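Shown next: query-v8.cif, containing mmCIF, C-alpha atoms.
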```
data_query
#
loop_
_atom_site.label_atom_id
_atom_site.label_comp_id
_atom_site.auth_asym_id
_atom_site.auth_seq_id
_atom_site.Cartn_x
_atom_site.Cartn_y
_atom_site.Cartn_z
CA MET V 1 52.67 186.45 -96.67
CA ARG V 2 48.93 186.41 -96.05
CA ARG V 3 49.50 187.85 -92.57
CA VAL V 4 51.67 190.62 -93.98
CA ARG V 5 49.04 191.48 -96.59
CA ARG V 6 46.33 191.43 -93.97
CA ARG V 7 48.39 193.74 -91.75
CA ARG V 8 49.04 196.11 -94.66
CA ARG V 9 45.32 196.22 -95.46
CA ARG V 10 44.60 197.00 -91.81
CA LEU V 11 47.20 199.78 -91.77
CA ALA V 12 45.80 201.17 -95.00
CA GLY V 13 42.32 201.17 -93.46
CA TRP V 14 43.52 202.97 -90.36
CA ARG V 15 45.46 205.46 -92.51
CA PHE V 16 42.36 206.18 -94.57
CA ALA V 17 40.24 206.62 -91.44
CA PHE V 18 42.83 208.96 -89.93
CA LEU V 19 43.06 211.06 -93.10
CA ALA V 20 39.27 211.21 -93.36
CA ALA V 21 38.93 212.31 -89.73
CA ALA V 22 41.69 214.90 -90.17
CA GLY V 23 40.00 216.18 -93.33
CA MET V 24 36.64 216.48 -91.57
CA MET V 25 38.31 218.29 -88.65
CA MET V 26 39.97 220.77 -91.02
CA VAL V 27 36.66 221.40 -92.78
CA SER V 28 34.95 221.95 -89.40
CA VAL V 29 37.68 224.33 -88.24
CA ALA V 30 37.51 226.24 -91.53
CA ALA V 31 33.73 226.46 -91.25
CA GLY V 32 34.04 227.63 -87.65
CA VAL V 33 36.58 230.31 -88.58
CA GLY V 34 34.36 231.42 -91.47
CA LEU V 35 31.35 231.60 -89.17
CA PHE V 36 33.38 233.52 -86.57
CA MET V 37 34.62 236.05 -89.15
CA GLY V 38 31.09 236.42 -90.48
CA TYR V 39 29.83 237.31 -87.03
CA VAL V 40 32.71 239.75 -86.50
CA ARG V 41 31.91 241.59 -89.75
CA THR V 42 28.24 241.99 -88.80
CA LEU V 43 28.84 243.23 -85.24
CA PRO V 44 28.80 246.94 -84.37
CA PRO V 45 32.07 248.84 -83.87
CA ILE V 46 33.09 248.86 -80.21
CA GLU V 47 34.11 252.50 -80.65
CA ARG V 48 30.44 253.35 -80.08
CA LEU V 49 31.07 253.04 -76.35
CA GLU V 50 33.46 255.99 -76.55
CA TYR V 51 30.44 258.11 -77.41
CA TYR V 52 28.31 256.54 -74.70
CA ASP V 53 25.61 259.14 -74.08
CA PRO V 54 22.49 257.49 -72.64
CA PRO V 55 19.32 259.44 -71.83
CA GLU V 56 19.68 261.10 -68.45
CA VAL V 57 18.10 263.75 -66.27
CA THR V 58 18.30 267.38 -67.41
CA ARG V 59 18.40 269.69 -64.42
CA VAL V 60 17.07 273.24 -64.56
CA THR V 61 18.82 275.55 -62.10
CA ASP V 62 18.73 279.23 -61.22
CA ARG V 63 21.29 281.68 -62.58
CA THR V 64 23.79 280.72 -59.86
CA GLY V 65 23.63 277.04 -60.74
CA GLN V 66 23.22 276.21 -57.06
CA VAL V 67 19.41 275.90 -56.74
CA THR V 68 17.64 273.14 -58.72
CA LEU V 69 14.27 274.35 -59.99
CA GLY V 70 13.23 271.00 -61.44
CA GLU V 71 14.13 268.16 -63.78
CA PHE V 72 13.22 266.86 -67.22
CA LYS V 73 13.73 263.16 -67.77
CA GLN V 74 13.13 260.47 -70.38
CA GLN V 75 15.06 258.02 -68.23
CA ARG V 76 15.94 258.98 -64.68
CA ARG V 77 19.71 258.54 -64.82
CA TYR V 78 22.66 260.50 -63.45
CA VAL V 79 25.82 259.34 -65.22
CA THR V 80 28.44 259.09 -62.47
CA PRO V 81 32.23 258.58 -62.84
CA ILE V 82 33.51 255.36 -61.30
CA GLU V 83 35.65 257.39 -58.86
CA GLN V 84 32.44 258.77 -57.31
CA ILE V 85 30.82 255.35 -56.86
CA PRO V 86 31.70 253.99 -53.37
CA LYS V 87 33.96 250.94 -53.30
CA ARG V 88 31.51 249.01 -51.10
CA LEU V 89 28.82 249.44 -53.76
CA GLN V 90 31.17 248.31 -56.53
CA LEU V 91 32.19 245.24 -54.51
CA ALA V 92 28.56 244.33 -53.80
CA PHE V 93 27.82 244.14 -57.52
CA LEU V 94 31.04 242.29 -58.30
CA ALA V 95 30.41 239.76 -55.51
CA ILE V 96 27.02 238.64 -56.80
CA GLU V 97 27.33 239.32 -60.54
CA ASP V 98 30.94 238.62 -61.47
CA SER V 99 33.44 237.86 -58.69
CA ARG V 100 36.21 237.10 -61.22
CA PHE V 101 35.69 240.37 -63.10
CA TYR V 102 39.30 241.50 -62.70
CA ASP V 103 40.69 238.08 -63.70
CA HIS V 104 38.82 237.10 -66.89
CA ILE V 105 39.06 238.52 -70.42
CA GLY V 106 35.36 239.20 -70.94
CA VAL V 107 34.23 235.57 -70.97
CA ASP V 108 34.74 233.37 -67.91
CA PRO V 109 34.77 229.60 -68.59
CA LEU V 110 35.17 228.90 -64.86
CA GLY V 111 32.07 230.96 -64.13
CA VAL V 112 30.09 229.06 -66.77
CA LEU V 113 31.18 225.71 -65.30
CA ARG V 114 30.38 226.86 -61.76
CA ALA V 115 26.92 228.02 -62.82
CA ALA V 116 26.27 224.79 -64.73
CA PHE V 117 27.30 222.72 -61.70
CA ALA V 118 25.06 224.79 -59.40
CA ASN V 119 22.13 224.42 -61.80
CA ILE V 120 22.60 220.65 -62.04
CA LYS V 121 22.82 220.42 -58.27
CA SER V 122 19.67 222.49 -57.73
CA GLY V 123 17.77 220.98 -60.68
CA SER V 124 16.94 224.41 -62.12
CA ARG V 125 18.47 227.18 -64.22
CA ARG V 126 19.03 229.79 -61.51
CA GLN V 127 22.56 230.84 -62.45
CA GLY V 128 23.66 232.04 -65.86
CA GLY V 129 27.44 232.47 -65.72
CA SER V 130 27.50 235.66 -67.80
CA THR V 131 30.19 238.18 -66.95
CA ILE V 132 29.53 241.88 -66.35
CA THR V 133 31.10 242.54 -69.77
CA GLN V 134 28.65 240.14 -71.43
CA GLN V 135 25.74 241.78 -69.61
CA LEU V 136 27.02 245.13 -70.85
CA THR V 137 26.80 243.99 -74.48
CA ARG V 138 23.17 242.97 -73.94
CA ASN V 139 22.25 246.23 -72.21
CA ILE V 140 23.99 248.76 -74.45
CA LEU V 141 23.92 246.91 -77.79
CA PRO V 142 20.65 244.90 -77.56
CA ASP V 143 19.64 245.23 -81.22
CA GLU V 144 22.96 243.85 -82.44
CA VAL V 145 23.20 241.00 -79.93
CA GLY V 146 19.51 240.07 -79.63
CA PHE V 147 17.54 238.66 -76.71
CA GLU V 148 16.89 235.07 -77.78
CA GLN V 149 18.53 232.29 -75.77
CA THR V 150 20.38 230.92 -78.79
CA LEU V 151 23.93 229.80 -79.58
CA THR V 152 24.18 232.59 -82.18
CA ARG V 153 23.47 235.25 -79.57
CA LYS V 154 25.98 233.73 -77.16
CA ILE V 155 28.68 233.75 -79.84
CA LYS V 156 28.01 237.40 -80.74
CA GLU V 157 27.96 238.29 -77.05
CA ALA V 158 31.30 236.55 -76.45
CA ILE V 159 33.00 238.20 -79.44
CA LEU V 160 31.81 241.66 -78.43
CA SER V 161 32.89 241.05 -74.83
CA LEU V 162 36.41 240.10 -75.93
CA GLN V 163 36.62 243.22 -78.09
CA ILE V 164 35.37 245.46 -75.27
CA GLU V 165 37.93 244.01 -72.85
CA ARG V 166 40.75 244.67 -75.32
CA ARG V 167 39.75 248.29 -75.88
CA TYR V 168 38.60 249.47 -72.44
CA SER V 169 39.95 249.21 -68.92
CA LYS V 170 38.13 247.26 -66.24
CA GLN V 171 37.21 250.50 -64.49
CA GLN V 172 35.67 251.91 -67.67
CA ILE V 173 33.64 248.74 -68.23
CA LEU V 174 32.38 248.75 -64.64
CA GLU V 175 31.46 252.44 -64.97
CA PHE V 176 29.45 251.75 -68.15
CA TYR V 177 27.67 248.87 -66.41
CA LEU V 178 26.80 250.64 -63.15
CA ASN V 179 25.42 253.65 -65.00
CA HIS V 180 23.28 251.60 -67.38
CA ILE V 181 21.47 249.03 -65.19
CA GLU V 182 17.67 249.32 -64.98
CA PHE V 183 16.08 249.32 -61.52
CA LEU V 184 12.39 249.91 -62.44
CA PHE V 185 10.32 253.04 -61.68
CA ASN V 186 12.18 254.80 -64.53
CA SER V 187 15.43 254.52 -62.56
CA PHE V 188 18.60 253.70 -64.48
CA GLY V 189 22.06 253.47 -62.97
CA VAL V 190 23.07 253.19 -59.34
CA ARG V 191 22.80 256.87 -58.46
CA ALA V 192 19.18 257.14 -59.58
CA ALA V 193 18.42 253.83 -57.81
CA ALA V 194 19.90 255.11 -54.54
CA SER V 195 17.63 258.15 -54.78
CA THR V 196 14.54 256.14 -55.80
CA TYR V 197 14.72 253.45 -53.10
CA PHE V 198 16.50 255.19 -50.22
CA SER V 199 16.30 258.96 -50.95
CA LYS V 200 20.08 259.03 -50.56
CA ASP V 201 23.14 259.91 -52.57
CA LEU V 202 25.67 257.13 -53.24
CA ASP V 203 28.12 258.00 -50.47
CA GLU V 204 25.29 257.85 -47.89
CA LEU V 205 24.35 254.22 -48.60
CA THR V 206 24.99 251.61 -45.90
CA LEU V 207 26.50 248.23 -46.74
CA ALA V 208 23.05 246.60 -46.49
CA GLU V 209 21.57 249.19 -48.88
CA CYS V 210 24.42 248.58 -51.34
CA ALA V 211 23.61 244.86 -51.21
CA THR V 212 19.91 245.61 -51.78
CA LEU V 213 20.72 247.45 -55.02
CA ALA V 214 23.20 244.76 -56.11
CA ALA V 215 20.48 242.15 -55.57
CA MET V 216 18.18 243.67 -58.20
CA PRO V 217 19.83 243.26 -61.67
CA LYS V 218 19.14 239.51 -61.70
CA ASN V 219 15.42 240.32 -61.88
CA PRO V 220 14.46 243.95 -61.03
CA GLY V 221 10.76 243.16 -60.79
CA TYR V 222 11.02 239.96 -58.75
CA TYR V 223 13.55 241.32 -56.25
CA ASN V 224 12.19 244.86 -56.10
CA PRO V 225 12.22 246.10 -52.47
CA ILE V 226 9.08 248.21 -52.97
CA LEU V 227 7.01 245.58 -54.75
CA HIS V 228 8.36 242.47 -52.99
CA PRO V 229 10.19 243.42 -49.76
CA ARG V 230 10.45 239.85 -48.44
CA ARG V 231 12.10 238.55 -51.62
CA ALA V 232 14.35 241.61 -51.72
CA LEU V 233 15.45 241.02 -48.12
CA GLU V 234 16.26 237.35 -48.76
CA ARG V 235 18.19 238.21 -51.91
CA ARG V 236 20.01 241.05 -50.10
CA ASN V 237 21.22 238.59 -47.47
CA VAL V 238 22.45 236.23 -50.22
CA VAL V 239 24.51 239.11 -51.59
CA LEU V 240 25.89 239.92 -48.14
CA LYS V 241 26.87 236.30 -47.58
CA ARG V 242 28.69 236.25 -50.92
CA ILE V 243 30.53 239.47 -49.98
CA LEU V 244 31.63 237.76 -46.74
CA GLU V 245 32.74 234.59 -48.54
CA LEU V 246 34.99 236.66 -50.81
CA ASN V 247 36.54 238.34 -47.73
CA TYR V 248 35.43 241.79 -48.86
CA ILE V 249 34.06 242.31 -45.34
CA GLY V 250 34.59 240.73 -41.94
CA PRO V 251 32.11 238.70 -39.83
CA GLU V 252 31.19 241.70 -37.66
CA SER V 253 30.28 243.90 -40.64
CA TYR V 254 28.29 241.00 -42.13
CA ALA V 255 26.34 240.39 -38.90
CA ALA V 256 25.48 244.08 -38.55
CA ALA V 257 24.34 244.36 -42.19
CA VAL V 258 22.15 241.25 -42.02
CA GLU V 259 20.43 242.63 -38.91
CA GLU V 260 19.70 245.99 -40.57
CA PRO V 261 16.00 246.27 -41.51
CA LEU V 262 14.98 246.89 -45.10
CA ALA V 263 14.08 250.58 -44.72
CA ILE V 264 12.79 251.90 -48.04
CA ARG V 265 12.27 255.65 -48.41
CA ARG V 266 10.84 256.26 -51.85
CA GLY V 267 12.37 259.25 -53.65
CA TYR V 268 11.04 260.93 -56.79
CA GLY V 269 13.89 263.25 -57.79
CA ALA V 270 14.13 266.98 -57.33
CA PRO V 271 10.82 268.72 -56.59
CA SER V 272 9.58 271.26 -59.09
CA LEU V 273 9.67 274.74 -57.50
CA TYR V 274 8.07 276.47 -60.51
CA PRO V 275 5.94 273.86 -62.31
CA TYR V 276 4.24 276.25 -64.76
CA PHE V 277 7.54 277.77 -65.82
CA LEU V 278 9.06 274.30 -66.26
CA ASP V 279 6.10 273.08 -68.34
CA ALA V 280 6.46 276.07 -70.64
CA LEU V 281 10.24 275.57 -70.87
CA GLU V 282 9.82 271.89 -71.72
CA LYS V 283 7.36 272.73 -74.52
CA ASP V 284 9.82 275.28 -75.93
CA LEU V 285 12.66 272.73 -75.84
CA LYS V 286 10.52 270.10 -77.57
CA ARG V 287 9.51 272.57 -80.25
CA GLU V 288 13.07 273.80 -80.78
CA TYR V 289 15.06 270.54 -80.45
CA GLY V 290 12.48 267.74 -80.57
CA LEU V 291 13.45 266.35 -77.19
CA SER V 292 13.10 267.10 -73.50
CA GLY V 293 15.95 265.46 -71.65
#
```
Please rewrite the model in this file as C-alpha coordinates.
Amino acid sequence: MRRVRRRRRRLAGWRFAFLAAAGMMMVSVAAGVGLFMGYVRTLPPIERLEYYDPPEVTRVTDRTGQVTLGEFKQQRRYVTPIEQIPKRLQLAFLAIEDSRFYDHIGVDPLGVLRAAFANIKSGSRRQGGSTITQQLTRNILPDEVGFEQTLTRKIKEAILSLQIERRYSKQQILEFYLNHIEFLFNSFGVRAAASTYFSKDLDELTLAECATLAAMPKNPGYYNPILHPRRALERRNVVLKRILELNYIGPESYAAAVEEPLAIRRGYGAPSLYPYFLDALEKDLKREYGLSG
(Lines of atoms letter the chains of each structure in order from A and count residues from 1; the text may use other names and numbers.)
(Lines give C-alpha, C1' and ligand atoms only; values in the text may rest on other atoms or scores of the structure.)
Protein backbone atom coordinates (compact mmCIF):
# COMPACT_ATOMS: atom_id res chain seq x y z
CA MET A 1 0.00 0.00 0.00
CA ARG A 2 2.81 2.38 0.89
CA ARG A 3 4.42 1.74 -2.51
CA VAL A 4 1.15 2.44 -4.29
CA ARG A 5 0.69 5.69 -2.36
CA ARG A 6 4.26 6.69 -3.07
CA ARG A 7 3.75 5.97 -6.77
CA ARG A 8 0.53 8.00 -6.82
CA ARG A 9 2.28 10.93 -5.14
CA ARG A 10 5.04 10.71 -7.75
CA LEU A 11 2.51 10.64 -10.59
CA ALA A 12 0.67 13.57 -9.07
CA GLY A 13 3.95 15.49 -8.86
CA TRP A 14 4.78 14.76 -12.48
CA ARG A 15 1.23 15.70 -13.52
CA PHE A 16 1.51 19.01 -11.69
CA ALA A 17 4.90 19.73 -13.26
CA PHE A 18 3.55 18.90 -16.72
CA LEU A 19 0.49 21.12 -16.27
CA ALA A 20 2.66 23.95 -14.93
CA ALA A 21 5.06 23.68 -17.87
CA ALA A 22 2.15 23.54 -20.34
CA GLY A 23 0.59 26.58 -18.68
CA MET A 24 3.84 28.54 -18.87
CA MET A 25 4.24 27.54 -22.54
CA MET A 26 0.72 28.74 -23.34
CA VAL A 27 1.37 32.04 -21.57
CA SER A 28 4.64 32.46 -23.50
CA VAL A 29 2.94 31.68 -26.82
CA ALA A 30 0.12 34.09 -26.03
CA ALA A 31 2.63 36.78 -25.09
CA GLY A 32 4.57 36.12 -28.28
CA VAL A 33 1.44 36.34 -30.42
CA GLY A 34 0.45 39.56 -28.64
CA LEU A 35 3.91 41.01 -29.20
CA PHE A 36 3.82 39.94 -32.86
CA MET A 37 0.39 41.54 -33.42
CA GLY A 38 1.56 44.68 -31.66
CA TYR A 39 4.49 44.98 -34.04
CA VAL A 40 2.24 44.33 -37.05
CA ARG A 41 -0.14 47.14 -36.02
CA THR A 42 2.72 49.64 -35.66
CA LEU A 43 4.43 48.83 -38.97
CA PRO A 44 3.85 50.92 -42.11
CA PRO A 45 1.51 49.67 -44.86
CA ILE A 46 3.42 47.75 -47.51
CA GLU A 47 1.28 49.50 -50.14
CA ARG A 48 3.71 52.40 -49.85
CA LEU A 49 6.04 50.53 -52.20
CA GLU A 50 3.42 50.79 -54.94
CA TYR A 51 4.03 54.53 -54.87
CA TYR A 52 7.80 54.12 -54.76
CA ASP A 53 9.08 57.45 -56.06
CA PRO A 54 12.61 58.10 -54.77
CA PRO A 55 14.53 61.29 -55.58
CA GLU A 56 16.14 60.96 -59.00
CA VAL A 57 17.80 63.02 -61.69
CA THR A 58 15.67 65.56 -63.58
CA ARG A 59 16.95 65.96 -67.12
CA VAL A 60 16.53 69.19 -69.07
CA THR A 61 16.39 68.61 -72.83
CA ASP A 62 15.86 70.71 -75.93
CA ARG A 63 12.48 70.93 -77.65
CA THR A 64 13.12 67.67 -79.53
CA GLY A 65 13.81 65.74 -76.34
CA GLN A 66 16.93 64.28 -77.94
CA VAL A 67 19.66 66.64 -76.65
CA THR A 68 20.30 66.78 -72.88
CA LEU A 69 21.14 70.33 -71.79
CA GLY A 70 21.88 69.42 -68.18
CA GLU A 71 20.61 67.76 -65.02
CA PHE A 72 19.19 68.72 -61.63
CA LYS A 73 19.69 66.20 -58.87
CA GLN A 74 19.13 65.79 -55.14
CA GLN A 75 20.22 62.17 -55.43
CA ARG A 76 21.84 60.97 -58.63
CA ARG A 77 19.50 58.11 -59.50
CA TYR A 78 17.96 56.85 -62.72
CA VAL A 79 15.10 54.48 -61.86
CA THR A 80 15.46 51.58 -64.30
CA PRO A 81 12.97 48.74 -64.98
CA ILE A 82 14.30 45.29 -64.12
CA GLU A 83 14.00 44.27 -67.80
CA GLN A 84 16.66 46.87 -68.66
CA ILE A 85 19.12 45.69 -66.01
CA PRO A 86 21.46 43.05 -67.55
CA LYS A 87 21.09 39.51 -66.21
CA ARG A 88 24.81 39.27 -65.43
CA LEU A 89 24.50 42.31 -63.15
CA GLN A 90 21.45 40.87 -61.40
CA LEU A 91 23.23 37.54 -60.87
CA ALA A 92 26.32 39.27 -59.46
CA PHE A 93 24.23 40.90 -56.73
CA LEU A 94 22.26 37.73 -56.03
CA ALA A 95 25.45 35.65 -55.80
CA ILE A 96 27.05 37.73 -53.07
CA GLU A 97 24.01 39.19 -51.29
CA ASP A 98 21.30 36.53 -51.43
CA SER A 99 21.92 33.38 -53.49
CA ARG A 100 18.64 31.81 -52.28
CA PHE A 101 16.58 34.87 -53.22
CA TYR A 102 14.21 32.93 -55.48
CA ASP A 103 13.75 30.13 -52.91
CA HIS A 104 13.02 31.87 -49.60
CA ILE A 105 9.92 33.78 -48.44
CA GLY A 106 11.67 36.96 -47.35
CA VAL A 107 13.56 35.46 -44.41
CA ASP A 108 16.10 32.70 -44.97
CA PRO A 109 16.85 30.51 -41.91
CA LEU A 110 19.45 28.55 -43.90
CA GLY A 111 21.23 31.78 -44.76
CA VAL A 112 21.26 32.83 -41.11
CA LEU A 113 22.70 29.46 -40.05
CA ARG A 114 25.31 29.57 -42.82
CA ALA A 115 26.37 33.08 -41.80
CA ALA A 116 26.50 32.12 -38.12
CA PHE A 117 28.66 29.08 -38.92
CA ALA A 118 31.01 31.19 -41.07
CA ASN A 119 31.30 33.81 -38.32
CA ILE A 120 32.08 31.17 -35.68
CA LYS A 121 34.66 29.61 -37.97
CA SER A 122 36.35 32.95 -38.70
CA GLY A 123 35.97 34.29 -35.15
CA SER A 124 34.36 37.52 -36.37
CA ARG A 125 31.01 38.91 -37.49
CA ARG A 126 31.70 39.27 -41.22
CA GLN A 127 28.46 37.79 -42.55
CA GLY A 128 24.98 38.91 -41.61
CA GLY A 129 22.55 36.49 -43.26
CA SER A 130 20.00 39.17 -44.21
CA THR A 131 18.07 38.60 -47.42
CA ILE A 132 17.70 41.20 -50.16
CA THR A 133 14.09 41.67 -49.00
CA GLN A 134 15.26 42.41 -45.45
CA GLN A 135 17.84 44.87 -46.77
CA LEU A 136 15.06 46.52 -48.76
CA THR A 137 13.02 47.16 -45.61
CA ARG A 138 16.04 48.86 -44.01
CA ASN A 139 16.76 51.00 -47.07
CA ILE A 140 13.25 52.13 -48.03
CA LEU A 141 11.56 52.12 -44.60
CA PRO A 142 14.44 53.05 -42.24
CA ASP A 143 12.41 55.18 -39.82
CA GLU A 144 9.90 52.39 -39.20
CA VAL A 145 12.46 49.58 -38.87
CA GLY A 146 15.30 51.48 -37.16
CA PHE A 147 19.06 50.99 -37.36
CA GLU A 148 19.90 49.52 -33.95
CA GLN A 149 21.19 45.95 -33.82
CA THR A 150 18.35 44.79 -31.58
CA LEU A 151 15.92 41.87 -31.49
CA THR A 152 13.02 44.32 -31.89
CA ARG A 153 14.43 45.64 -35.15
CA LYS A 154 15.03 42.12 -36.46
CA ILE A 155 11.43 41.14 -35.69
CA LYS A 156 10.03 44.21 -37.45
CA GLU A 157 12.35 43.59 -40.38
CA ALA A 158 11.24 39.95 -40.67
CA ILE A 159 7.52 40.81 -40.51
CA LEU A 160 7.85 43.50 -43.17
CA SER A 161 9.89 41.15 -45.37
CA LEU A 162 7.21 38.46 -45.19
CA GLN A 163 4.53 41.01 -46.09
CA ILE A 164 6.57 42.36 -49.01
CA GLU A 165 7.13 38.86 -50.38
CA ARG A 166 3.40 38.12 -50.23
CA ARG A 167 2.45 41.30 -52.08
CA TYR A 168 5.20 41.71 -54.68
CA SER A 169 6.91 39.43 -57.18
CA LYS A 170 10.58 38.57 -56.89
CA GLN A 171 11.32 40.68 -59.95
CA GLN A 172 9.59 43.71 -58.42
CA ILE A 173 11.52 43.31 -55.16
CA LEU A 174 14.84 43.00 -57.01
CA GLU A 175 13.98 46.09 -59.08
CA PHE A 176 13.25 48.12 -55.92
CA TYR A 177 16.53 46.96 -54.40
CA LEU A 178 18.79 47.60 -57.40
CA ASN A 179 17.37 51.09 -57.87
CA HIS A 180 17.74 52.08 -54.23
CA ILE A 181 21.26 50.99 -53.20
CA GLU A 182 23.71 53.75 -52.26
CA PHE A 183 27.15 53.71 -53.90
CA LEU A 184 28.64 56.97 -52.50
CA PHE A 185 29.44 60.14 -54.47
CA ASN A 186 25.70 60.91 -54.54
CA SER A 187 25.12 57.81 -56.67
CA PHE A 188 22.04 55.71 -55.95
CA GLY A 189 20.99 52.65 -57.90
CA VAL A 190 22.99 50.56 -60.33
CA ARG A 191 22.57 52.79 -63.37
CA ALA A 192 23.98 55.86 -61.64
CA ALA A 193 26.78 53.70 -60.18
CA ALA A 194 27.73 52.39 -63.64
CA SER A 195 28.00 55.98 -64.85
CA THR A 196 29.89 57.21 -61.77
CA TYR A 197 32.56 54.48 -61.64
CA PHE A 198 32.88 53.38 -65.27
CA SER A 199 31.26 56.15 -67.39
CA LYS A 200 29.11 53.43 -68.95
CA ASP A 201 25.48 52.51 -69.32
CA LEU A 202 24.33 49.21 -67.81
CA ASP A 203 24.44 47.13 -70.98
CA GLU A 204 28.08 48.15 -71.55
CA LEU A 205 29.38 46.74 -68.25
CA THR A 206 31.72 43.75 -68.33
CA LEU A 207 31.29 40.83 -65.94
CA ALA A 208 34.18 42.13 -63.80
CA GLU A 209 32.59 45.59 -63.62
CA CYS A 210 29.26 44.04 -62.60
CA ALA A 211 31.09 42.20 -59.81
CA THR A 212 32.78 45.45 -58.72
CA LEU A 213 29.39 47.12 -58.25
CA ALA A 214 27.94 44.05 -56.51
CA ALA A 215 30.89 44.11 -54.10
CA MET A 216 30.00 47.56 -52.74
CA PRO A 217 26.66 47.30 -50.82
CA LYS A 218 28.31 45.41 -47.94
CA ASN A 219 30.26 48.59 -47.15
CA PRO A 220 30.28 51.28 -49.91
CA GLY A 221 33.05 53.28 -48.26
CA TYR A 222 35.36 50.40 -47.39
CA TYR A 223 35.07 48.65 -50.77
CA ASN A 224 34.87 51.81 -52.88
CA PRO A 225 36.99 51.36 -56.06
CA ILE A 226 37.93 55.06 -56.16
CA LEU A 227 38.86 55.43 -52.50
CA HIS A 228 40.26 51.93 -51.89
CA PRO A 229 41.06 50.18 -55.20
CA ARG A 230 42.99 47.30 -53.62
CA ARG A 231 40.15 46.38 -51.26
CA ALA A 232 37.65 46.78 -54.10
CA LEU A 233 39.68 44.44 -56.32
CA GLU A 234 39.92 41.76 -53.61
CA ARG A 235 36.21 42.00 -52.88
CA ARG A 236 35.39 41.93 -56.62
CA ASN A 237 37.28 38.65 -56.96
CA VAL A 238 35.35 37.21 -53.99
CA VAL A 239 32.14 38.06 -55.83
CA LEU A 240 33.42 36.45 -59.04
CA LYS A 241 34.39 33.29 -57.18
CA ARG A 242 30.91 33.10 -55.66
CA ILE A 243 29.35 33.54 -59.12
CA LEU A 244 31.49 30.62 -60.33
CA GLU A 245 30.56 28.42 -57.34
CA LEU A 246 26.87 28.91 -58.13
CA ASN A 247 27.50 27.88 -61.77
CA TYR A 248 26.27 31.22 -63.10
CA ILE A 249 29.44 31.33 -65.22
CA GLY A 250 32.02 28.83 -66.43
CA PRO A 251 35.72 28.57 -65.51
CA GLU A 252 36.85 30.40 -68.66
CA SER A 253 34.61 33.42 -68.02
CA TYR A 254 35.77 33.47 -64.39
CA ALA A 255 39.47 33.36 -65.33
CA ALA A 256 39.05 36.19 -67.86
CA ALA A 257 37.12 38.37 -65.38
CA VAL A 258 39.65 37.88 -62.57
CA GLU A 259 42.47 38.92 -64.91
CA GLU A 260 40.66 42.11 -65.98
CA PRO A 261 42.24 45.18 -64.35
CA LEU A 262 40.16 47.48 -62.18
CA ALA A 263 39.79 50.32 -64.69
CA ILE A 264 37.84 53.16 -63.10
CA ARG A 265 36.68 56.03 -65.31
CA ARG A 266 34.96 58.55 -63.10
CA GLY A 267 31.75 59.98 -64.57
CA TYR A 268 29.84 63.02 -63.33
CA GLY A 269 26.57 62.84 -65.27
CA ALA A 270 25.52 64.87 -68.26
CA PRO A 271 27.56 68.04 -68.84
CA SER A 272 25.75 71.35 -68.62
CA LEU A 273 25.67 72.96 -72.09
CA TYR A 274 24.00 76.18 -70.87
CA PRO A 275 24.94 76.61 -67.19
CA TYR A 276 23.51 80.13 -66.75
CA PHE A 277 20.18 79.13 -68.25
CA LEU A 278 20.05 76.02 -66.06
CA ASP A 279 20.86 78.00 -62.90
CA ALA A 280 18.03 80.41 -63.67
CA LEU A 281 15.65 77.54 -64.43
CA GLU A 282 16.53 75.78 -61.19
CA LYS A 283 15.84 78.95 -59.18
CA ASP A 284 12.46 79.32 -60.91
CA LEU A 285 11.57 75.69 -60.13
CA LYS A 286 12.56 76.10 -56.48
CA ARG A 287 10.51 79.26 -56.18
CA GLU A 288 7.48 77.73 -57.91
CA TYR A 289 7.53 74.17 -56.50
CA GLY A 290 9.99 74.23 -53.60
CA LEU A 291 12.22 71.55 -55.08
CA SER A 292 14.78 71.05 -57.81
CA GLY A 293 14.81 67.40 -58.78
Go through V:Leu110, V:Val258, V:Leu136, V:Leu244 one by one, measure the shortest atom-to-atom distance of each to V:Leu174 using all atoms listed in the file, and give the residue with the smallest value.
V:Leu136
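Once V:Leu91 and its same-chain neighbours fewer than 6 positions away are set aside, Ser99, Ile243 and Tyr248 of chain V remain within 9 Å of it when counting only C-alpha atoms.
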Do you have the atom CA of V:Gln135-atom CA of V:Arg230 distance handy?
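Going from atom CA of V:Gln135 over to atom CA of V:Arg230, I get 26.2 Å.
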Separation of atom CA of V:Tyr102 and atom CA of V:Ile173, in Å?
10.7 Å
Between atom CA of V:Pro251 and atom CA of V:Leu207, what is the distance, to one decimal in Å?
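Straight-line distance from atom CA of V:Pro251 to atom CA of V:Leu207 works out to 13.0 Å.
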Taking only C-alpha atoms into account, which of V:Gly250, V:Gly267, V:Arg100, V:Ile159 comes nearest V:Ser187?
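Distance minimum relative to V:Ser187 lands on V:Gly267.
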Spell out the residues picked by the PyMOL selection byres ((chain V and resi 231) around 12) here, as a ChimeraX atom specification.
/V:212,215-216,219-230,232-238,262
Nearest to V:Asp203, chosen from V:Arg77, V:Arg63, V:Lys87, V:Arg167, with all atoms listed in the file counted in the distances:
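Using all atoms listed in the file, V:Asp203 sits closest to V:Lys87.
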Can you pull out every residue within 9 Å of V:Arg266, counting only C-alpha atoms, but drop anything in the same chain fewer than 5 positions away, and send it as a CSV table (one decimal) with C-alpha atoms, keeping the file's coordinate frame?
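For reference, selection_38.csv as written:
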```
chain,number,residue,atom,x,y,z
V,195,SER,CA,17.6,258.2,-54.8
V,196,THR,CA,14.5,256.1,-55.8
V,197,TYR,CA,14.7,253.4,-53.1
V,198,PHE,CA,16.5,255.2,-50.2
V,199,SER,CA,16.3,259.0,-51.0
V,226,ILE,CA,9.1,248.2,-53.0
```
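Distance check against V:Val107 using all atoms listed in the file: of V:Gln84, V:Thr206, V:Gln75, V:Gln163, the minimum falls on V:Gln163.
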